[in-house]
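**Q** Have a look at the structure that comes next, please.
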Amino acid sequence: MLKYIITLLLIIFMNESFSKESKFFPFKTHEVVLENGFKAILIPVGNSGLVSYYSVVRTGSRDEWEEGKSGFAHFFEHMMFRGTDRFPGNVYDSIITSIGANANAYTSDDLTVYHLNFASEDLALVMDLESDRFRNLKYSKEQFQTESGAVYGEYRKGRTSPWSVAFEELRDMAFDKHTYKHTTIGFERDIKDMPNLYEYSISFYNRYYRPENVTLVIVGDFDIEKTKKIIGEYYKPWKPGYVMPKIEKEPAQKAPRFKEVQYDGKTLPLVIMGFKTDEFRATDKNFISTVSFADLAFGETSEIYKKLVLKEQKVQFISASPGMNRDPYMFEIYTMIKDEKDIDYVIGEINNTIEQFKKEKVTVEKLDRLKKNKKYSFLMALDSPDAVASILPQYITLANSIEVIDQMSETMMNLTPDDIVKSVNLYFTENNRNTIVLKGTK
Amino acid sequence: MTGSLYSMDEKRIVKEIDKTDPSVSLRIWFKAGAKDDPAGKEGLAMLTAQMLSEGGTARNTYEQILEKMFPMASSYYASASMEMTIFAGRVHKDNLDDYLKLFYEQLLTPAFGEEDFSRIKQNSLNYLKTTLKYSNDEELGKAVLYNNIFAATPYGHITSGTISGLESITLQDVKDFYAKYFNRNNFVLGIGGDVSENLVKQVWDNLMKLPEGKENTFKDFAVKEIKGKKVTIVEKNASATAISMGFPMNLLRGSREWYALAIANSWLGEHRNSSSHLYQVIREQRGLNYGDYSYIENFPNGGRYQLPPVNVARNKQIFEIWIRPVPNETKHFAFRAAMREFKKLVEDGMAKEDFELTRKFLKNYVLNFATTTNERLGYRLDDKFYGISGGHLLTYRKMMDEITLEEVNSAIKKHWQYGNMEIVFITDNAQELTDALASDKPSPISYATPKSQDILEEDKEIINFPVKIDKNSIKTVKVEDLFK
């Protein structure tokens, strides 16, 4: 009888529950959407006896729109380990410890992710713990203030790398209005002020840690039907109430920007160039072309790599990454130069590469090889439940769906050499360019 | 007999067959590492491995290899640790044949060209001269600790070598090292994924094309005894202080005592885990840094990885405590807090409830250590290294049911002690720290935020905790002078 009632309840409070086959993603996925907006994506994979459990909050440092609050999303990630009335921090820790879970969390521009890997038999227990801290987090002012010290420690740890300094400077220079102006760790002055923001932290939790802003991903060895059922039980009582952050739009950049940064320590010189692009657009050929362009123009088989890394050996390495963000970000090119006197030469070579791609089409053969590369690198990356789960948060943040992987792959596979030329001409203009040159002490 | 050209020595093959895996993994362990670097050529094992990873072959330049690998989204790599050099790769089975051709060519007919050599040597020198010294204080602290503990032994330099060693290495040295150690009698083959017996034979036959040579067996050596607490202060312009400390330990995985000590170590300082007691005391309660851990096995690049690495096995291990960067003004306090906790554990042993919780934790936690075919192969190779017939991870889980608290506490007494250890600080103002350490003067602490009465009471003990370091056992090294 009880079972019957639960089944009935399930039908009532689940708006949708369906499964899908994907063209590129090699696993069957099941989705559950609750009335409160909470969504779960379930992907049974293999019989390892393990489950990966990822709670994806679609809030990151992008959402830190209020003055003086940079770094707060990341800081708040730390607070999520401080417990609830039912499971205070030390109780939460000891349960996680007793089941031998490998648990951690991370924050980036657009998202905060809490992930655990553990034995399948503990799935219901973990769901009890996780849903509880997302719904009922509670910590004292004192705990809050202590954690701010650990965050400052994390900042200090990162600051010993010149790359952290260079990326911080790049964003600060490139953005005037949008919150991408700061890195995820935040400005030092704001980190210092964190102990004073206890009340703010509660409002942060109330606005962003809401069911319609969180998606759960479960991958691995588990029973689909039982899992759907407990998702209903644990996440249904969570009240919606997400408040949109008031993020300012970044105005179009009107001129190239450049800054030379002095690093307090020894390092080989670094150059980072960022070209403003668009927000992630899975079906837009112009945007998806930038993903291909990163490999074609700056990857290990590119002409500039052969020249500067292998033949002339002027740089330690060169690489590029397309920004795949929720709001318009940058395409970044970075390199470490062996001799300070070659800085201008290397920047010149990067600019020449871009100019060349504006004029000359890549061969169809080269583009086909890239498409094969993308296909196999994707398939090879999926070699454990955690590996499968770990690639999904980014896409969930961008589109709250993993269908976007198919859309993006489809667009990528249909790109032509003309599309690449068009895209490079669109985005890689002088006005969109931001350059940071970082030099160490002698 | 198999149909192989050479009979396969099954003792030298480990397999991890999984027909549901769409890829094939290869891991070949050559018995050579930084301990085999000739004197004055420190860094040679690593450089040779890099020449195999990023150099050309008789048939293809490195550039051509990159081109051919690109559509397969694949690669191979070689890496050297203290005693193991691994040549490994993974490919989707659709591309297996094309891939294997390149894989064999690299291993059997490396070109060892001048252009590749100058690039790789330059990059390695840059790593030692600038990256390690100036942009990663945590790895720097560990490197100095290991170099100090193993000074004047075959382990006496980190795998990256020394600056003068790297500078003196010639292309001929690389060729000689390769000729000596990459021979048909000096490897163990690991193969996994969707693999047929025919494929195993094919790989084996190709490896048999390596020249004749000798197996490189481990020759035991003594590690100098540490008397008292030896402090090395690496002085540099640092905004925070990284601390590493430890001593050599005569215990390897596989023995029952090792698993007993693993329980104590996990409680004291499980790597990057909030269950670590040091983490609780220094980070969780006091917010002094990002984390605090301890080790009974080498864990290179701990800042980058969450779970233990494979194929860095070694016959000599140390016990190690790693304090992530703390604000300079709290370095003496944080150091004392760690020493005090370690001393308490050595003297009092583990409490019953900590023991129960930790063994329960480890029993499941190790399930996370090898979730991919490639990782499982790595563990199997390490099992060969340590001679663990039942498999390390299976033994680990089994031992968590069997080992008693008494065994843990007797392993602590036998293998850990508090009096003798090497200690490394990476920090500014060495003189001030030297004076503070030598005089054991109080290290008061003030917090930006309020703390509970319990913590303030405990702080009083930490502030005055006597570490007892002899002034003559403290030396200062300028960062510029390291790794010469």
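In the structure tokens, chains take letters A, B, ... by order of appearance, with residues numbered from 1 within each chain and ligands from 1 in the order shown.
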Once you count only C-alpha atoms, what closest atom pair and distance in Å to one decimal does each residue of segment 202-264 of chain A within 12 Å of segment 163-185 of chain A have, with rows by chain and rising residue number, as JSON lines?

**A**
{"residue": "A:Pro245", "atom": "CA", "partner": "A:Thr179", "partner_atom": "CA", "distance": 10.6}
{"residue": "A:Lys246", "atom": "CA", "partner": "A:Thr179", "partner_atom": "CA", "distance": 10.0}
{"residue": "A:Ile247", "atom": "CA", "partner": "A:His178", "partner_atom": "CA", "distance": 6.5}
{"residue": "A:Glu248", "atom": "CA", "partner": "A:His178", "partner_atom": "CA", "distance": 5.3}
{"residue": "A:Lys249", "atom": "CA", "partner": "A:His178", "partner_atom": "CA", "distance": 5.7}
{"residue": "A:Glu250", "atom": "CA", "partner": "A:His178", "partner_atom": "CA", "distance": 5.0}
{"residue": "A:Pro251", "atom": "CA", "partner": "A:Lys177", "partner_atom": "CA", "distance": 7.4}
{"residue": "A:Ala252", "atom": "CA", "partner": "A:Phe175", "partner_atom": "CA", "distance": 9.8}
{"residue": "A:Gln253", "atom": "CA", "partner": "A:Ala174", "partner_atom": "CA", "distance": 8.3}
{"residue": "A:Lys254", "atom": "CA", "partner": "A:Ala174", "partner_atom": "CA", "distance": 11.1}
{"residue": "A:Ala255", "atom": "CA", "partner": "A:Ala174", "partner_atom": "CA", "distance": 10.6}
{"residue": "A:Pro256", "atom": "CA", "partner": "A:Ala174", "partner_atom": "CA", "distance": 9.3}
{"residue": "A:Arg257", "atom": "CA", "partner": "A:Ala174", "partner_atom": "CA", "distance": 7.2}
{"residue": "A:Phe258", "atom": "CA", "partner": "A:Met173", "partner_atom": "CA", "distance": 8.1}
{"residue": "A:Lys259", "atom": "CA", "partner": "A:Met173", "partner_atom": "CA", "distance": 7.9}
{"residue": "A:Glu260", "atom": "CA", "partner": "A:Glu169", "partner_atom": "CA", "distance": 9.4}
{"residue": "A:Val261", "atom": "CA", "partner": "A:Ala166", "partner_atom": "CA", "distance": 7.6}
{"residue": "A:Gln262", "atom": "CA", "partner": "A:Val165", "partner_atom": "CA", "distance": 9.6}
{"residue": "A:Tyr263", "atom": "CA", "partner": "A:Val165", "partner_atom": "CA", "distance": 7.6}
{"residue": "A:Asp264", "atom": "CA", "partner": "A:Val165", "partner_atom": "CA", "distance": 9.8}

**Q** For segment 454-458 of chain B, work out the shell of residues within 10 Å, counting only C-alpha atoms and skipping chain neighbours fewer than 6 positions away, then give it as a PyMOL selection string.

**A** chain B and resi 281+285-286+337+445-446

**Q** Could the residues in this selection be saved with C-alpha atoms as an mmCIF file, in the first residue's frame?

**A**
data_model
loop_
_atom_site.group_PDB
_atom_site.id
_atom_site.type_symbol
_atom_site.label_atom_id
_atom_site.label_comp_id
_atom_site.auth_asym_id
_atom_site.auth_seq_id
_atom_site.Cartn_x
_atom_site.Cartn_y
_atom_site.Cartn_z
ATOM 1 C CA VAL B 281 43.838 21.777 13.578
ATOM 2 C CA GLN B 285 39.869 25.458 13.318
ATOM 3 C CA ARG B 286 42.377 28.245 12.770
ATOM 4 C CA ALA B 337 51.068 23.139 15.916
ATOM 5 C CA ILE B 445 49.121 34.356 17.384
ATOM 6 C CA SER B 446 46.385 36.832 16.728
#

**Q** Tell me as a ChimeraX atom specification which residues belonging to chain B come within 8 Å of chain A, counting only C-alpha atoms.

**A** /B:21-23,63,66-67,70-74,91-92,115-116,119,123,130-131,134-137,237,239-240,274-275,283-290,324-327,357-358,360-368,371-373,449-451

**Q** Set the distance at 10 Å and use only C-alpha atoms: which residues neighbour Tyr200 of chain A once local chain neighbours fewer than 6 positions away are removed? I'd like the list as a list of chain:residue names.

**A**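 Surrounding residues, per the criterion: A:Lys69, A:Phe72, A:Met194, A:Asn206.
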
**Q** Find the residues around Tyr295 of chain B up to 8 Å (only C-alpha atoms counted), leave out those fewer than 5 positions away in its own chain, and share them as a ChimeraX atom specification.

**A** /B:265,269-271,318-321

**Q** Please write the residues from the selection above to a file, keeping N, CA and C atoms, as a compact mmCIF listing (two decimals), in the first residue's frame.

**A**
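To be explicit, this is the file written out as out39.txt:
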# COMPACT_ATOMS: atom_id res chain seq x y z
N ASN B 265 48.49 7.21 9.42
CA ASN B 265 48.83 8.33 8.53
C ASN B 265 47.59 8.99 7.95
N GLY B 269 46.91 12.80 8.41
CA GLY B 269 47.02 13.77 7.32
C GLY B 269 46.63 13.25 5.95
N GLU B 270 45.47 12.61 5.80
CA GLU B 270 45.07 12.11 4.49
C GLU B 270 45.17 13.21 3.44
N HIS B 271 45.84 12.90 2.36
CA HIS B 271 46.11 13.87 1.31
C HIS B 271 44.84 14.58 0.82
N ILE B 318 59.96 7.96 2.63
CA ILE B 318 60.10 8.77 3.83
C ILE B 318 58.72 9.03 4.42
N PHE B 319 58.71 9.40 5.69
CA PHE B 319 57.51 9.97 6.29
C PHE B 319 57.61 11.47 6.08
N GLU B 320 56.50 12.07 5.71
CA GLU B 320 56.56 13.48 5.31
C GLU B 320 55.32 14.23 5.80
N ILE B 321 55.54 15.45 6.31
CA ILE B 321 54.41 16.33 6.63
C ILE B 321 54.49 17.56 5.73

**Q** Going by DSSP on the backbone, which residues of segment 96-194 of chain B come out as strand (DSSP E or B)? List them as an MDAnalysis selection string.

**A** chainID B and resid 110 187:193

**Q** Would you put the residues from that selection into a file with N, CA and C atoms, as a PDB file, in the first residue's frame?

**A**
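Printed below is again_3.pdb as written:
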ATOM      1  N   PRO B 110      64.277   5.488 -31.797  1.00  0.00           N
ATOM      2  CA  PRO B 110      64.249   6.942 -31.552  1.00  0.00           C
ATOM      3  C   PRO B 110      65.382   7.615 -32.317  1.00  0.00           C
ATOM      4  N   PHE B 187      62.254  -4.835 -18.841  1.00  0.00           N
ATOM      5  CA  PHE B 187      60.936  -4.189 -18.789  1.00  0.00           C
ATOM      6  C   PHE B 187      59.873  -5.158 -18.292  1.00  0.00           C
ATOM      7  N   VAL B 188      58.767  -4.575 -17.867  1.00  0.00           N
ATOM      8  CA  VAL B 188      57.546  -5.334 -17.626  1.00  0.00           C
ATOM      9  C   VAL B 188      56.473  -4.672 -18.488  1.00  0.00           C
ATOM     10  N   LEU B 189      55.752  -5.495 -19.233  1.00  0.00           N
ATOM     11  CA  LEU B 189      54.725  -4.961 -20.132  1.00  0.00           C
ATOM     12  C   LEU B 189      53.372  -4.938 -19.436  1.00  0.00           C
ATOM     13  N   GLY B 190      52.712  -3.807 -19.479  1.00  0.00           N
ATOM     14  CA  GLY B 190      51.339  -3.709 -19.003  1.00  0.00           C
ATOM     15  C   GLY B 190      50.437  -3.403 -20.192  1.00  0.00           C
ATOM     16  N   ILE B 191      49.380  -4.166 -20.333  1.00  0.00           N
ATOM     17  CA  ILE B 191      48.483  -3.937 -21.473  1.00  0.00           C
ATOM     18  C   ILE B 191      47.050  -4.140 -21.013  1.00  0.00           C
ATOM     19  N   GLY B 192      46.155  -3.253 -21.453  1.00  0.00           N
ATOM     20  CA  GLY B 192      44.785  -3.353 -20.959  1.00  0.00           C
ATOM     21  C   GLY B 192      43.757  -2.777 -21.913  1.00  0.00           C
ATOM     22  N   GLY B 193      42.487  -2.978 -21.562  1.00  0.00           N
ATOM     23  CA  GLY B 193      41.385  -2.521 -22.393  1.00  0.00           C
ATOM     24  C   GLY B 193      40.844  -3.668 -23.216  1.00  0.00           C
TER      25      GLY B 193
END

**Q** For each of A:Ile354, A:Ile230, A:Val364, A:Ile272, take the minimum atom-to-atom distance to Leu125 of chain A, counting only C-alpha atoms, then give the residue where this is smallest.

**A** A:Ile230

**Q** Please identify all polymer residues within 6 Å of Tyr54 of chain A, counting only C-alpha atoms, omitting same-chain residues fewer than 5 positions from it, and present them as a list in words.

**A** Tyr114, His115, Leu216 and Val217 of chain A

**Q** Do a neighbour search on Ile296 of chain B at 12 Å with only C-alpha atoms, toss out local chain neighbours closer than 3 positions, and write the hits as a compact mmCIF listing (two decimals) with N, CA and C atoms, in the first residue's frame.

**A**
# COMPACT_ATOMS: atom_id res chain seq x y z
N GLY B 246 60.28 15.73 7.46
CA GLY B 246 60.16 14.28 7.43
C GLY B 246 61.44 13.57 7.78
N PHE B 247 61.38 12.24 7.70
CA PHE B 247 62.56 11.41 7.96
C PHE B 247 62.41 10.11 7.17
N PRO B 248 63.53 9.40 6.90
CA PRO B 248 63.43 8.17 6.13
C PRO B 248 62.72 7.08 6.93
N MET B 249 62.09 6.18 6.21
CA MET B 249 61.33 5.12 6.85
C MET B 249 61.62 3.82 6.16
N ASN B 250 61.77 2.78 6.95
CA ASN B 250 62.12 1.50 6.36
C ASN B 250 60.88 0.62 6.29
N LEU B 251 59.96 0.97 5.44
CA LEU B 251 58.70 0.22 5.37
C LEU B 251 58.07 0.43 4.00
N LEU B 252 57.68 -0.67 3.37
CA LEU B 252 57.09 -0.55 2.03
C LEU B 252 55.71 -1.19 1.98
N ARG B 253 54.88 -0.70 1.08
CA ARG B 253 53.55 -1.26 0.92
C ARG B 253 53.65 -2.77 0.64
N GLU B 257 52.44 -4.30 8.35
CA GLU B 257 52.74 -3.09 9.12
C GLU B 257 52.49 -1.81 8.32
N TRP B 258 52.76 -1.91 7.03
CA TRP B 258 52.52 -0.72 6.19
C TRP B 258 51.05 -0.32 6.24
N TYR B 259 50.16 -1.30 6.14
CA TYR B 259 48.73 -0.99 6.14
C TYR B 259 48.29 -0.48 7.52
N ALA B 260 48.96 -1.00 8.55
CA ALA B 260 48.66 -0.49 9.89
C ALA B 260 49.06 0.98 9.99
N LEU B 261 50.24 1.28 9.49
CA LEU B 261 50.71 2.66 9.56
C LEU B 261 49.88 3.57 8.64
N ALA B 262 49.38 2.99 7.55
CA ALA B 262 48.54 3.77 6.63
C ALA B 262 47.30 4.30 7.35
N ILE B 263 46.81 3.53 8.30
CA ILE B 263 45.62 3.98 9.05
C ILE B 263 46.00 5.21 9.91
N ALA B 264 47.13 5.10 10.59
CA ALA B 264 47.57 6.24 11.42
C ALA B 264 47.84 7.46 10.55
N ASN B 265 48.49 7.21 9.42
CA ASN B 265 48.83 8.33 8.53
C ASN B 265 47.59 8.99 7.95
N SER B 266 46.61 8.18 7.59
CA SER B 266 45.39 8.73 7.02
C SER B 266 44.69 9.62 8.04
N LEU B 268 46.15 11.16 10.56
CA LEU B 268 46.97 12.36 10.81
C LEU B 268 46.88 13.35 9.65
N GLY B 269 46.91 12.80 8.41
CA GLY B 269 47.02 13.77 7.32
C GLY B 269 46.63 13.25 5.95
N GLU B 270 45.47 12.61 5.80
CA GLU B 270 45.07 12.11 4.49
C GLU B 270 45.17 13.21 3.44
N HIS B 271 45.84 12.90 2.36
CA HIS B 271 46.11 13.87 1.31
C HIS B 271 44.84 14.58 0.82
N TYR B 293 48.93 18.01 5.36
CA TYR B 293 48.82 16.57 5.12
C TYR B 293 50.08 15.83 5.50
N PHE B 299 54.60 11.34 -3.01
CA PHE B 299 53.40 11.80 -3.72
C PHE B 299 53.78 13.07 -4.48
N PRO B 308 46.40 9.26 -5.08
CA PRO B 308 47.82 8.92 -5.22
C PRO B 308 48.20 8.55 -6.66
N ALA B 313 56.87 4.17 -7.81
CA ALA B 313 57.28 3.26 -6.73
C ALA B 313 58.77 3.40 -6.45
N ARG B 314 59.16 3.18 -5.21
CA ARG B 314 60.56 3.27 -4.84
C ARG B 314 60.85 2.41 -3.62
N LYS B 316 62.96 3.17 -1.26
CA LYS B 316 63.22 3.97 -0.07
C LYS B 316 62.14 5.04 0.03
N GLN B 317 61.41 5.03 1.12
CA GLN B 317 60.35 6.01 1.32
C GLN B 317 60.65 6.85 2.54
N ILE B 318 59.96 7.96 2.63
CA ILE B 318 60.10 8.77 3.83
C ILE B 318 58.72 9.03 4.42
N PHE B 319 58.71 9.40 5.69
CA PHE B 319 57.51 9.97 6.29
C PHE B 319 57.61 11.47 6.08
N GLU B 320 56.50 12.07 5.71
CA GLU B 320 56.56 13.48 5.31
C GLU B 320 55.32 14.23 5.80
N ILE B 321 55.54 15.45 6.31
CA ILE B 321 54.41 16.33 6.63
C ILE B 321 54.49 17.56 5.73
N TRP B 322 53.37 17.93 5.17
CA TRP B 322 53.34 19.05 4.23
C TRP B 322 52.36 20.11 4.76
N ILE B 412 53.30 2.55 14.78
CA ILE B 412 53.68 3.95 15.03
C ILE B 412 54.97 3.98 15.85
N HIS B 415 58.02 2.74 13.66
CA HIS B 415 58.47 3.44 12.46
C HIS B 415 58.48 4.96 12.56
N TRP B 416 57.77 5.50 13.53
CA TRP B 416 57.74 6.96 13.66
C TRP B 416 58.42 7.38 14.96

**Q** Near segment 167-171 of chain B, within 9 Å and counting only C-alpha atoms, which residues show up once chain neighbours fewer than 4 positions away are dropped, as a VMD selection string?

**A** chain B and resid 40 to 44 47 112 to 114 117 121 to 122 125 162 to 163 175 to 176

**Q** Can you pull out every residue from segment 48-285 of chain A that DSSP, working from the backbone, puts in helix (DSSP H, G or I), and format the result as a PyMOL selection string?

**A** chain A and resi 61-63+72-79+89-98+120-136+141-159+162-174+179-181+188-196+198-208+211-213+224-235+285

**Q** Only C-alpha atoms, please: the residues just picked out, written as a JSON list (two decimals), in the first residue's frame.

**A**
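Output saved as result36.json:
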[["chain", "number", "residue", "atom", "x", "y", "z"],
["A", 61, "SER", "CA", 32.19, 34.36, -9.88],
["A", 62, "ARG", "CA", 30.15, 35.77, -12.78],
["A", 63, "ASP", "CA", 27.28, 36.27, -10.34],
["A", 72, "PHE", "CA", 32.36, 35.27, -2.83],
["A", 73, "ALA", "CA", 30.98, 32.30, -4.82],
["A", 74, "HIS", "CA", 34.20, 30.44, -4.21],
["A", 75, "PHE", "CA", 34.26, 31.44, -0.57],
["A", 76, "PHE", "CA", 30.71, 30.24, -0.21],
["A", 77, "GLU", "CA", 31.71, 26.87, -1.66],
["A", 78, "HIS", "CA", 33.86, 26.48, 1.46],
["A", 79, "MET", "CA", 30.93, 27.34, 3.73],
["A", 89, "GLY", "CA", 29.95, 20.08, 9.92],
["A", 90, "ASN", "CA", 31.83, 17.53, 12.00],
["A", 91, "VAL", "CA", 29.00, 15.01, 11.66],
["A", 92, "TYR", "CA", 28.82, 15.57, 7.91],
["A", 93, "ASP", "CA", 32.60, 15.09, 7.71],
["A", 94, "SER", "CA", 32.57, 11.94, 9.77],
["A", 95, "ILE", "CA", 29.79, 10.36, 7.70],
["A", 96, "ILE", "CA", 31.59, 11.23, 4.46],
["A", 97, "THR", "CA", 34.75, 9.81, 6.01],
["A", 98, "SER", "CA", 33.06, 6.65, 7.22],
["A", 120, "SER", "CA", 26.85, 2.50, -4.93],
["A", 121, "GLU", "CA", 25.31, 1.19, -1.71],
["A", 122, "ASP", "CA", 25.68, 4.63, -0.11],
["A", 123, "LEU", "CA", 23.71, 6.55, -2.73],
["A", 124, "ALA", "CA", 20.62, 7.14, -0.57],
["A", 125, "LEU", "CA", 22.72, 8.25, 2.38],
["A", 126, "VAL", "CA", 24.69, 10.70, 0.25],
["A", 127, "MET", "CA", 21.50, 12.08, -1.24],
["A", 128, "ASP", "CA", 20.14, 12.62, 2.25],
["A", 129, "LEU", "CA", 23.29, 14.53, 3.23],
["A", 130, "GLU", "CA", 23.60, 16.53, 0.04],
["A", 131, "SER", "CA", 19.98, 17.57, -0.26],
["A", 132, "ASP", "CA", 20.05, 18.56, 3.39],
["A", 133, "ARG", "CA", 23.00, 20.91, 3.09],
["A", 134, "PHE", "CA", 21.58, 22.48, -0.04],
["A", 135, "ARG", "CA", 18.27, 23.10, 1.72],
["A", 136, "ASN", "CA", 19.24, 23.74, 5.34],
["A", 141, "LYS", "CA", 29.55, 33.75, 12.46],
["A", 142, "GLU", "CA", 32.69, 32.39, 14.03],
["A", 143, "GLN", "CA", 32.90, 29.45, 11.60],
["A", 144, "PHE", "CA", 32.26, 31.85, 8.77],
["A", 145, "GLN", "CA", 35.12, 34.08, 9.83],
["A", 146, "THR", "CA", 37.56, 31.23, 10.32],
["A", 147, "GLU", "CA", 36.90, 29.93, 6.84],
["A", 148, "SER", "CA", 37.79, 33.29, 5.38],
["A", 149, "GLY", "CA", 41.33, 32.66, 6.63],
["A", 150, "ALA", "CA", 41.54, 29.42, 4.65],
["A", 151, "VAL", "CA", 40.37, 31.24, 1.54],
["A", 152, "TYR", "CA", 43.04, 33.86, 2.01],
["A", 153, "GLY", "CA", 45.51, 30.96, 2.31],
["A", 154, "GLU", "CA", 44.29, 29.60, -1.00],
["A", 155, "TYR", "CA", 44.82, 33.01, -2.57],
["A", 156, "ARG", "CA", 48.38, 33.14, -1.23],
["A", 157, "LYS", "CA", 49.12, 29.65, -2.53],
["A", 158, "GLY", "CA", 47.97, 30.67, -6.00],
["A", 159, "ARG", "CA", 49.87, 33.96, -5.98],
["A", 162, "PRO", "CA", 53.04, 34.24, -12.26],
["A", 163, "TRP", "CA", 50.16, 32.90, -14.35],
["A", 164, "SER", "CA", 47.67, 33.79, -11.59],
["A", 165, "VAL", "CA", 48.98, 37.33, -11.61],
["A", 166, "ALA", "CA", 48.85, 37.57, -15.41],
["A", 167, "PHE", "CA", 45.27, 36.28, -15.68],
["A", 168, "GLU", "CA", 44.10, 38.57, -12.90],
["A", 169, "GLU", "CA", 45.59, 41.55, -14.75],
["A", 170, "LEU", "CA", 44.15, 40.47, -18.08],
["A", 171, "ARG", "CA", 40.58, 40.35, -16.81],
["A", 172, "ASP", "CA", 40.88, 43.55, -14.86],
["A", 173, "MET", "CA", 42.10, 45.35, -17.96],
["A", 174, "ALA", "CA", 39.78, 43.72, -20.50],
["A", 179, "THR", "CA", 31.84, 40.66, -13.57],
["A", 180, "TYR", "CA", 34.32, 38.68, -15.64],
["A", 181, "LYS", "CA", 36.55, 41.58, -14.64],
["A", 188, "GLU", "CA", 42.75, 40.57, -2.61],
["A", 189, "ARG", "CA", 41.03, 43.59, -1.06],
["A", 190, "ASP", "CA", 37.68, 41.77, -1.22],
["A", 191, "ILE", "CA", 39.12, 38.56, 0.23],
["A", 192, "LYS", "CA", 40.45, 40.58, 3.14],
["A", 193, "ASP", "CA", 37.00, 41.98, 3.76],
["A", 194, "MET", "CA", 35.25, 38.59, 3.71],
["A", 195, "PRO", "CA", 35.12, 38.12, 7.50],
["A", 196, "ASN", "CA", 32.72, 41.10, 7.62],
["A", 198, "TYR", "CA", 28.36, 37.06, 7.38],
["A", 199, "GLU", "CA", 24.89, 38.54, 6.78],
["A", 200, "TYR", "CA", 25.61, 38.89, 3.11],
["A", 201, "SER", "CA", 26.55, 35.21, 2.95],
["A", 202, "ILE", "CA", 23.09, 34.21, 4.15],
["A", 203, "SER", "CA", 21.45, 36.32, 1.51],
["A", 204, "PHE", "CA", 23.80, 34.80, -1.07],
["A", 205, "TYR", "CA", 22.67, 31.31, -0.07],
["A", 206, "ASN", "CA", 19.01, 32.27, -0.13],
["A", 207, "ARG", "CA", 19.20, 33.79, -3.57],
["A", 208, "TYR", "CA", 21.36, 31.26, -5.43],
["A", 211, "PRO", "CA", 16.27, 24.14, -6.79],
["A", 212, "GLU", "CA", 15.74, 25.91, -10.09],
["A", 213, "ASN", "CA", 19.42, 26.93, -10.09],
["A", 224, "ILE", "CA", 17.48, 4.06, -12.24],
["A", 225, "GLU", "CA", 13.99, 3.61, -10.86],
["A", 226, "LYS", "CA", 15.01, 3.54, -7.21],
["A", 227, "THR", "CA", 17.15, 6.59, -7.73],
["A", 228, "LYS", "CA", 14.36, 8.54, -9.41],
["A", 229, "LYS", "CA", 12.18, 7.74, -6.46],
["A", 230, "ILE", "CA", 14.56, 9.00, -3.80],
["A", 231, "ILE", "CA", 15.32, 12.12, -5.81],
["A", 232, "GLY", "CA", 11.65, 12.93, -5.45],
["A", 233, "GLU", "CA", 11.74, 12.30, -1.72],
["A", 234, "TYR", "CA", 14.83, 14.31, -0.92],
["A", 235, "TYR", "CA", 14.62, 17.27, -3.26],
["A", 285, "LYS", "CA", 29.07, 28.47, -36.65]]
